[in-house]
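Visitor: Here you go, this is run-v4.txt (compact mmCIF, C-alpha atoms).
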```txt
# COMPACT_ATOMS: atom_id res chain seq x y z
CA MET A 185 -45.17 37.64 -81.41
CA PRO A 186 -43.86 36.89 -77.90
CA ALA A 187 -45.58 37.73 -74.63
CA LEU A 188 -44.97 41.42 -73.96
CA GLU A 189 -44.86 43.41 -70.76
CA GLN A 190 -43.65 46.72 -69.37
CA GLY A 191 -39.94 47.25 -69.97
CA PHE A 192 -39.85 45.55 -73.38
CA SER A 193 -39.10 47.46 -76.56
CA GLY A 194 -38.75 47.04 -80.30
CA SER A 195 -40.81 46.55 -83.42
CA VAL A 196 -43.13 43.99 -81.80
CA VAL A 197 -44.09 46.53 -79.13
CA ARG A 198 -44.74 49.13 -81.80
CA LYS A 199 -47.00 46.63 -83.57
CA LEU A 200 -48.92 46.13 -80.34
CA GLN A 201 -49.24 49.90 -79.85
CA ARG A 202 -50.60 50.41 -83.37
CA LYS A 203 -53.19 47.69 -82.83
CA LEU A 204 -54.33 49.18 -79.51
CA LYS A 205 -54.63 52.63 -81.04
CA LYS A 206 -56.61 51.29 -84.00
CA LEU A 207 -59.07 49.68 -81.56
CA GLY A 208 -59.51 52.94 -79.65
CA PHE A 209 -57.16 52.28 -76.70
CA SER A 210 -54.48 54.92 -77.10
CA PRO A 211 -51.03 53.89 -75.81
CA GLY A 212 -49.60 57.36 -76.32
CA ARG A 213 -46.62 57.67 -78.66
CA LEU A 214 -46.05 54.75 -81.01
CA ASP A 215 -42.40 54.61 -80.01
CA GLY A 216 -41.89 50.87 -79.57
CA VAL A 217 -41.34 51.20 -75.82
CA PHE A 218 -43.68 49.32 -73.51
CA GLY A 219 -44.15 51.98 -70.83
CA LYS A 220 -46.88 52.99 -68.39
CA LYS A 221 -49.22 54.39 -71.06
CA THR A 222 -49.00 51.24 -73.18
CA ARG A 223 -49.67 49.09 -70.12
CA ALA A 224 -52.67 51.25 -69.14
CA ALA A 225 -54.08 51.00 -72.67
CA LEU A 226 -53.60 47.25 -72.65
CA ILE A 227 -55.39 46.89 -69.31
CA ARG A 228 -58.34 48.88 -70.66
CA PHE A 229 -58.47 46.59 -73.68
CA GLN A 230 -58.28 43.47 -71.49
CA LYS A 231 -61.14 44.68 -69.29
CA SER A 232 -63.24 45.41 -72.35
CA ARG A 233 -62.80 41.81 -73.52
CA GLY A 234 -63.24 40.14 -70.13
CA LEU A 235 -59.60 39.05 -69.99
CA VAL A 236 -57.31 39.00 -66.97
CA ALA A 237 -56.34 42.67 -66.68
CA ASP A 238 -52.66 42.20 -65.80
CA GLY A 239 -51.13 44.53 -68.38
CA ILE A 240 -49.23 41.66 -70.01
CA ALA A 241 -49.80 40.75 -73.63
CA GLY A 242 -49.77 36.98 -73.27
CA PRO A 243 -51.20 34.39 -75.69
CA GLN A 244 -54.89 35.05 -74.88
CA THR A 245 -54.55 38.82 -75.08
CA LEU A 246 -52.53 38.61 -78.30
CA ALA A 247 -55.16 36.31 -79.78
CA ALA A 248 -57.90 38.79 -78.82
CA LEU A 249 -55.89 41.51 -80.55
CA ASN A 250 -55.54 39.21 -83.57
CA LEU A 251 -51.78 39.40 -83.31
CA LYS A 252 -49.98 36.21 -84.31
CA THR A 253 -47.90 34.59 -81.58
CA ASP A 254 -44.48 33.03 -82.13
CA GLU A 255 -41.41 32.01 -80.18
CA SER A 256 -39.30 35.10 -80.90
CA ILE A 257 -37.83 36.98 -77.97
CA THR A 258 -37.91 40.71 -77.38
CA SER A 259 -34.56 42.21 -76.50
CA VAL A 260 -34.12 44.40 -73.43
CA ILE A 261 -30.47 45.04 -74.22
CA PRO A 262 -31.16 48.62 -75.45
CA LEU A 263 -32.44 49.32 -71.93
CA VAL A 264 -29.33 47.94 -70.20
CA THR A 265 -27.08 50.92 -69.55
CA VAL A 266 -23.93 51.39 -67.51
CA ASP A 267 -25.91 53.50 -65.02
CA MET A 268 -28.50 50.76 -64.62
CA VAL A 269 -25.92 48.01 -64.08
CA THR A 270 -24.04 50.23 -61.62
CA GLN A 271 -27.13 50.14 -59.42
CA MET A 272 -27.02 46.35 -59.54
CA PHE A 273 -23.31 46.46 -58.59
CA PRO A 274 -23.14 49.06 -55.79
CA PHE A 275 -19.58 48.12 -54.76
CA THR A 276 -18.05 47.92 -58.24
CA PRO A 277 -16.02 50.64 -60.04
CA GLN A 278 -18.23 52.04 -62.78
CA SER A 279 -15.22 52.08 -65.11
CA ASN A 280 -15.06 48.27 -64.99
CA ILE A 281 -18.74 48.06 -65.93
CA GLY A 282 -18.35 50.55 -68.75
CA THR A 283 -15.39 48.66 -70.20
CA ASN A 284 -16.69 45.10 -69.96
CA LEU A 285 -20.49 45.35 -70.21
CA PRO A 286 -20.50 45.62 -74.05
CA PHE A 287 -18.70 42.26 -74.32
CA VAL A 288 -21.32 40.59 -72.13
CA LEU A 289 -24.28 42.06 -73.99
CA THR A 290 -22.77 41.17 -77.38
CA ALA A 291 -22.25 37.56 -76.25
CA LEU A 292 -25.84 37.29 -74.99
CA GLU A 293 -27.18 38.61 -78.29
CA LYS A 294 -25.03 36.13 -80.20
CA GLU A 295 -26.49 33.24 -78.18
CA LYS A 296 -30.01 34.67 -78.63
CA LEU A 297 -30.42 35.42 -74.93
CA PRO A 298 -31.31 39.14 -75.06
CA ASP A 299 -34.55 38.99 -73.05
CA ARG A 300 -35.13 40.24 -69.54
CA ILE A 301 -34.82 36.89 -67.77
CA LEU A 302 -31.51 35.78 -69.24
CA VAL A 303 -29.95 39.25 -69.24
CA LEU A 304 -30.75 39.64 -65.54
CA VAL A 305 -29.52 36.12 -64.75
CA ALA A 306 -26.26 36.83 -66.60
CA LEU A 307 -25.64 40.12 -64.81
CA SER A 308 -26.63 38.70 -61.44
CA THR A 309 -24.29 35.77 -62.00
CA ILE A 310 -21.43 38.18 -62.57
CA ARG A 311 -22.39 40.01 -59.36
CA ALA A 312 -22.16 36.73 -57.43
CA GLU A 313 -19.09 35.25 -59.12
CA ALA A 314 -16.99 38.26 -60.22
CA GLU A 315 -18.37 41.32 -58.46
CA CYS A 316 -15.53 43.51 -59.73
CA PHE A 317 -17.09 43.02 -63.22
CA GLN A 318 -13.81 41.68 -64.53
CA PRO A 319 -12.92 38.07 -65.35
CA ILE A 320 -11.06 36.66 -62.36
CA SER A 321 -9.39 33.44 -61.20
CA GLU A 322 -10.56 31.43 -58.21
CA ILE A 323 -8.47 31.99 -55.09
CA ILE A 324 -7.25 29.35 -52.64
CA SER A 325 -9.79 28.51 -49.95
CA ARG A 326 -10.83 25.67 -47.67
CA PHE A 327 -13.29 24.61 -50.35
CA ASN A 328 -10.58 23.81 -52.91
CA THR A 329 -7.38 23.22 -50.92
CA SER A 330 -6.73 20.80 -48.06
CA PRO A 331 -4.83 22.01 -44.95
CA GLY A 332 -1.16 22.11 -45.92
CA GLY A 333 -1.93 20.66 -49.33
CA ARG A 334 -1.10 21.75 -52.86
CA PRO A 335 -3.19 24.63 -54.19
CA PHE A 336 -6.54 23.32 -55.43
CA ASP A 337 -5.68 19.72 -54.57
CA LEU A 338 -9.30 19.02 -53.59
CA TYR A 339 -10.17 19.40 -57.28
CA ASP A 340 -7.44 17.11 -58.61
CA PHE A 341 -9.46 13.87 -58.68
CA ARG A 342 -12.98 15.29 -58.99
CA ARG A 343 -14.58 13.00 -61.55
CA ASP A 344 -17.61 15.27 -61.86
CA LEU A 345 -15.20 17.96 -63.11
CA GLY A 346 -13.41 15.58 -65.46
CA ASN A 347 -10.13 16.02 -63.59
CA THR A 348 -7.70 13.09 -63.64
CA GLY A 349 -5.13 14.15 -61.02
CA PRO A 350 -2.45 16.78 -60.48
CA PRO A 351 -2.14 19.40 -61.84
CA ASP A 352 -5.75 19.43 -63.11
CA GLY A 353 -7.10 21.00 -59.91
CA GLU A 354 -5.00 24.12 -60.24
CA LYS A 355 -4.89 24.19 -64.03
CA TYR A 356 -8.67 24.05 -64.41
CA ARG A 357 -9.65 26.14 -61.40
CA GLY A 358 -12.51 28.63 -61.63
CA ARG A 359 -12.02 31.50 -64.07
CA GLY A 360 -13.94 34.18 -65.91
CA PHE A 361 -17.33 35.75 -65.24
CA ILE A 362 -18.95 32.36 -64.55
CA GLN A 363 -16.01 30.78 -62.66
CA LEU A 364 -15.77 27.90 -65.14
CA THR A 365 -14.20 24.96 -63.28
CA GLY A 366 -12.90 21.53 -64.28
CA ARG A 367 -11.30 19.96 -67.35
CA ILE A 368 -14.62 18.74 -68.76
CA ASN A 369 -16.21 22.20 -68.61
CA TYR A 370 -13.25 23.89 -70.28
CA GLN A 371 -13.51 21.33 -73.08
CA GLN A 372 -17.31 21.39 -73.41
CA TYR A 373 -17.87 25.12 -73.31
CA GLY A 374 -14.68 25.83 -75.20
CA GLU A 375 -16.12 23.68 -77.98
CA MET A 376 -19.42 25.57 -77.82
CA ILE A 377 -17.63 28.85 -78.55
CA GLY A 378 -15.25 27.34 -81.11
CA LEU A 379 -12.18 27.17 -78.86
CA ALA A 380 -12.20 23.56 -77.61
CA ASN A 381 -8.50 22.76 -78.01
CA GLU A 382 -7.27 26.27 -77.30
CA LEU A 383 -9.17 26.56 -74.02
CA ALA A 384 -8.27 23.08 -72.81
CA ASP A 385 -4.58 23.70 -73.52
CA ASN A 386 -4.60 27.30 -72.31
CA PRO A 387 -7.34 27.57 -69.66
CA GLU A 388 -6.06 31.00 -68.56
CA HIS A 389 -7.61 32.35 -71.77
CA ALA A 390 -10.96 32.06 -69.98
CA ASN A 391 -9.98 35.32 -68.26
CA GLN A 392 -9.84 37.26 -71.53
CA VAL A 393 -12.90 39.47 -71.38
CA ASP A 394 -14.31 38.53 -74.79
CA ILE A 395 -13.86 34.80 -74.13
CA ALA A 396 -15.17 35.12 -70.57
CA ALA A 397 -18.33 36.77 -71.90
CA GLN A 398 -18.83 34.07 -74.54
CA LEU A 399 -18.37 31.32 -71.94
CA LEU A 400 -20.94 32.95 -69.66
CA ALA A 401 -23.47 33.13 -72.50
CA ALA A 402 -22.75 29.55 -73.63
CA PHE A 403 -23.12 28.24 -70.09
CA LEU A 404 -26.50 29.94 -69.68
CA LYS A 405 -27.63 28.82 -73.13
CA ASP A 406 -26.93 25.22 -72.12
CA ARG A 407 -29.33 25.62 -69.17
CA GLU A 408 -31.70 28.13 -70.77
CA LYS A 409 -34.96 26.20 -70.56
CA ARG A 410 -34.56 25.21 -66.90
CA ILE A 411 -33.41 28.68 -65.87
CA ARG A 412 -36.39 30.29 -67.61
CA GLY A 413 -38.75 27.92 -65.88
CA ALA A 414 -37.29 28.65 -62.44
CA VAL A 415 -37.37 32.43 -62.89
CA LYS A 416 -40.91 32.39 -64.26
CA ASN A 417 -41.89 30.60 -61.03
CA ASP A 418 -40.02 33.28 -59.08
CA ASP A 419 -37.70 30.55 -57.79
CA LEU A 420 -34.34 32.29 -57.74
CA ILE A 421 -32.87 29.64 -55.45
CA THR A 422 -33.30 26.97 -58.12
CA ALA A 423 -32.16 29.38 -60.84
CA TRP A 424 -28.95 30.00 -58.91
CA GLN A 425 -28.41 26.30 -58.26
CA LEU A 426 -28.64 25.69 -62.00
CA VAL A 427 -25.82 28.19 -62.48
CA ASN A 428 -23.64 27.67 -59.41
CA GLY A 429 -24.53 24.20 -58.24
CA GLY A 430 -24.92 25.34 -54.63
CA SER A 431 -25.96 28.27 -52.48
CA HIS A 432 -22.71 30.24 -52.16
CA GLY A 433 -23.31 33.71 -53.63
CA LEU A 434 -27.10 33.38 -53.59
CA ASP A 435 -27.50 36.59 -51.58
CA ARG A 436 -25.61 38.67 -54.14
CA PHE A 437 -27.32 36.94 -57.06
CA THR A 438 -30.77 37.58 -55.60
CA GLU A 439 -30.09 41.19 -54.63
CA ALA A 440 -28.76 42.06 -58.08
CA PHE A 441 -31.66 40.29 -59.81
CA ARG A 442 -34.29 42.12 -57.76
CA ILE A 443 -32.66 45.49 -58.41
CA GLY A 444 -32.48 44.80 -62.13
CA GLU A 445 -36.04 43.50 -62.18
CA ARG A 446 -37.25 46.75 -60.64
CA LEU A 447 -35.20 48.90 -63.01
CA LEU A 448 -36.48 47.08 -66.10
CA GLY A 449 -40.08 47.26 -64.95
```
Output the file's structure as structure tokens, nothing else.
Guide:
Amino acid sequence: MPALEQGFSGSVVRKLQRKLKKLGFSPGRLDGVFGKKTRAALIRFQKSRGLVADGIAGPQTLAALNLKTDESITSVIPLVTVDMVTQMFPFTPQSNIGTNLPFVLTALEKEKLPDRILVLVALSTIRAEAECFQPISEIISRFNTSPGGRPFDLYDFRRDLGNTGPPDGEKYRGRGFIQLTGRINYQQYGEMIGLANELADNPEHANQVDIAAQLLAAFLKDREKRIRGAVKNDDLITAWQLVNGGSHGLDRFTEAFRIGERLLG
């Protein structure tokens, strides 16, 4: 059983609730939702056993409850609604969220990233990179195009992106929910989702909503361990650097994450 806290739901929470009730610490309804009553019951149990009374069922608390621990992850996806995400995206048409959110959540489930940390990182990444909640292409700017130069010429010979010269800069410019950039990334993450040749030959496919969602999930999966570690240390700056590589968009990423964190408990 994984560590559990307020906002989680599912069969593992119901198992925790049954155990608390059996021991005389009533969590209210045995509904599989870790709410205020479950947290209060857990705190009472922790105090009775001399444990840290933080309302989180971590390894020590689970051991005291005689509940076996494992590495499974509790999904928060049932709690992620269009209304909730709209609050994280205050400037985005709700219709865009309603249309495209299911693709993102399905992709996260497929990559086994349905927990609070990775779901919030994914949504916050979209807020920073594609705030309209639609896959988009990178636009010309001083960061990618030299004064009077060809569009995206500053990317043409970027070895770190795997580009080998014109027209790679423009062809493999940022696209999708994650703004995937560079020949090497289109090849690597295209391969991860089973579209290596197709995506390298037709990089504009990264703006198809189903593919964009899969690429986002694959990109986060590739950095999952480091992202989890940063977020658990409340280091959103490092978490964002692991996704973006810099600081551009950090304000939007952080704002969305904090809103989502509050909404999920």
Visitor: Skipping near chain neighbours, those fewer than 5 positions away, what residues fall within 6 Å of segment 193-201 of chain A using all atoms listed in the file, listed as an MDAnalysis selection string?
Guide: chainID A and resid 211 214 216:218
Visitor: Can you list every residue of segment 282-395 of chain A that has an atom at most 6 Å from segment 399-413 of chain A, with its nearest atom pair and the distance in Å to one decimal, using all atoms listed in the file, ordered by chain then number, as a Markdown table?
Guide:
```
| residue | atom | partner | partner_atom | distance |
| --- | --- | --- | --- | --- |
| A:Ala291 | CA | A:Ala401 | CA | 5.9 |
| A:Leu292 | CA | A:Ala401 | CA | 5.4 |
| A:Ile362 | CA | A:Leu400 | CA | 5.5 |
```
Visitor: Hey, can you spit out that residue selection with C-alpha atoms as a tab-separated table (two decimals), in the coordinates of the input?
Guide:
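File produced: out.tsv:
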```tsv
chain	number	residue	atom	x	y	z
A	291	ALA	CA	-22.25	37.56	-76.25
A	292	LEU	CA	-25.84	37.29	-74.99
A	362	ILE	CA	-18.95	32.36	-64.55
```
Visitor: Quick one: of A:Gly366, A:Gly208, A:Gly378, A:Pro262, who's nearest to Leu289 of chain A, counting only C-alpha atoms?
Guide: A:Pro262
Visitor: Pick out the closest residue to Pro286 of chain A from this set: A:Leu448, A:Val266, A:Leu379, A:Met272. Count only C-alpha atoms.
Guide: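 The answer is A:Val266, which sits nearest to Pro286 of chain A.
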Visitor: Would you mind reading off the distance between atom CA of Thr348 of chain A and atom CA of Arg367 of chain A, one decimal, in Å?
Guide: 8.6 Å
Visitor: List the spatial neighbours of segment 273-279 of chain A as number ranges by chain - criterion: any atom at most 7 Å away, only C-alpha atoms, same-chain residues fewer than 3 positions off excluded.
Guide: A: 269-270, 282-283, 311, 315-316
Visitor: List the spatial neighbours of Phe336 of chain A as a CSV table (one decimal) with C-alpha atoms, in the coordinates of the input - criterion: any atom at most 8 Å away, all atoms listed in the file, same-chain residues fewer than 5 positions off excluded.
Guide:
```
chain,number,residue,atom,x,y,z
A,324,ILE,CA,-7.2,29.4,-52.6
A,328,ASN,CA,-10.6,23.8,-52.9
A,329,THR,CA,-7.4,23.2,-50.9
A,330,SER,CA,-6.7,20.8,-48.1
A,353,GLY,CA,-7.1,21.0,-59.9
A,354,GLU,CA,-5.0,24.1,-60.2
A,357,ARG,CA,-9.6,26.1,-61.4
```
Visitor: Taking all atoms listed in the file into account, name the residue in A:Ala414, A:Ala440, A:Asn391, A:Glu445 that is nearest to Gln271 of chain A.
Guide: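 Checking each of A:Ala414, A:Ala440, A:Asn391, A:Glu445 against Gln271 of chain A, counting all atoms listed in the file, the winner is A:Ala440.
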Visitor: Atom CA of Val264 of chain A to atom CA of Gly429 of chain A: how many Å, to one decimal?
Guide: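 For atom CA of Val264 of chain A relative to atom CA of Gly429 of chain A, the distance reads 27.0 Å.
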Visitor: Determine the nearest neighbour of Thr265 of chain A from the options A:Gly444, A:Gly449, A:Gly349, A:Gly332, counting all atoms listed in the file.
Guide: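 Looking only at the distances to Thr265 of chain A, the closest residue turns out to be A:Gly444.
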Visitor: So the first atom is atom CA of Asn428 of chain A and the second is atom CA of Arg342 of chain A; what is the distance between them in Å, to one decimal place?
Guide: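 Taking atom CA of Asn428 of chain A and atom CA of Arg342 of chain A, their separation equals 16.3 Å.
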Visitor: Can you work out which one of A:Gly433, A:Leu447, A:Leu249, A:Lys355 has the shortest atom-to-atom distance to Leu263 of chain A, counting only C-alpha atoms?
Guide: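 Closest candidate: A:Leu447.
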Visitor: If we count all atoms listed in the file and set the cut-off at 10 Å, which residues sit around Thr365 of chain A, ignoring sequence neighbours fewer than 5 positions away in its own chain? Please answer as a PDB file with C-alpha atoms, in the coordinates of the input.
Guide:
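The resulting file, around-v8.pdb, is shown below:
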```pdb
ATOM      1  CA  SER A 321      -9.390  33.440 -61.200  1.00  0.00           C
ATOM      2  CA  GLU A 322     -10.560  31.430 -58.210  1.00  0.00           C
ATOM      3  CA  TYR A 339     -10.170  19.400 -57.280  1.00  0.00           C
ATOM      4  CA  LEU A 345     -15.200  17.960 -63.110  1.00  0.00           C
ATOM      5  CA  GLY A 346     -13.410  15.580 -65.460  1.00  0.00           C
ATOM      6  CA  ASN A 347     -10.130  16.020 -63.590  1.00  0.00           C
ATOM      7  CA  GLY A 353      -7.100  21.000 -59.910  1.00  0.00           C
ATOM      8  CA  GLU A 354      -5.000  24.120 -60.240  1.00  0.00           C
ATOM      9  CA  LYS A 355      -4.890  24.190 -64.030  1.00  0.00           C
ATOM     10  CA  TYR A 356      -8.670  24.050 -64.410  1.00  0.00           C
ATOM     11  CA  ARG A 357      -9.650  26.140 -61.400  1.00  0.00           C
ATOM     12  CA  GLY A 358     -12.510  28.630 -61.630  1.00  0.00           C
ATOM     13  CA  ARG A 359     -12.020  31.500 -64.070  1.00  0.00           C
ATOM     14  CA  GLY A 360     -13.940  34.180 -65.910  1.00  0.00           C
ATOM     15  CA  TYR A 370     -13.250  23.890 -70.280  1.00  0.00           C
ATOM     16  CA  PRO A 387      -7.340  27.570 -69.660  1.00  0.00           C
TER      17      PRO A 387
END
```
Visitor: Nearest to Gln371 of chain A among A:Val427, A:Ala396, A:Ala224, A:Asn386, with distances taken over all atoms listed in the file: which residue is it?
Guide: A:Asn386
Visitor: Which residues are near Arg228 of chain A? Cut-off 10 Å, only C-alpha atoms, ignore same chain within fewer than 2 positions. Put them as a PyMOL selection string.
Guide: chain A and resi 204+208-210+222-226+230-233+235+237+239
Visitor: Go ahead and save the picked residues with C-alpha atoms, as a CSV table (one decimal), in the coordinates of the input.
Guide:
```
chain,number,residue,atom,x,y,z
A,204,LEU,CA,-54.3,49.2,-79.5
A,208,GLY,CA,-59.5,52.9,-79.6
A,209,PHE,CA,-57.2,52.3,-76.7
A,210,SER,CA,-54.5,54.9,-77.1
A,222,THR,CA,-49.0,51.2,-73.2
A,223,ARG,CA,-49.7,49.1,-70.1
A,224,ALA,CA,-52.7,51.2,-69.1
A,225,ALA,CA,-54.1,51.0,-72.7
A,226,LEU,CA,-53.6,47.2,-72.6
A,230,GLN,CA,-58.3,43.5,-71.5
A,231,LYS,CA,-61.1,44.7,-69.3
A,232,SER,CA,-63.2,45.4,-72.4
A,233,ARG,CA,-62.8,41.8,-73.5
A,235,LEU,CA,-59.6,39.0,-70.0
A,237,ALA,CA,-56.3,42.7,-66.7
A,239,GLY,CA,-51.1,44.5,-68.4
```
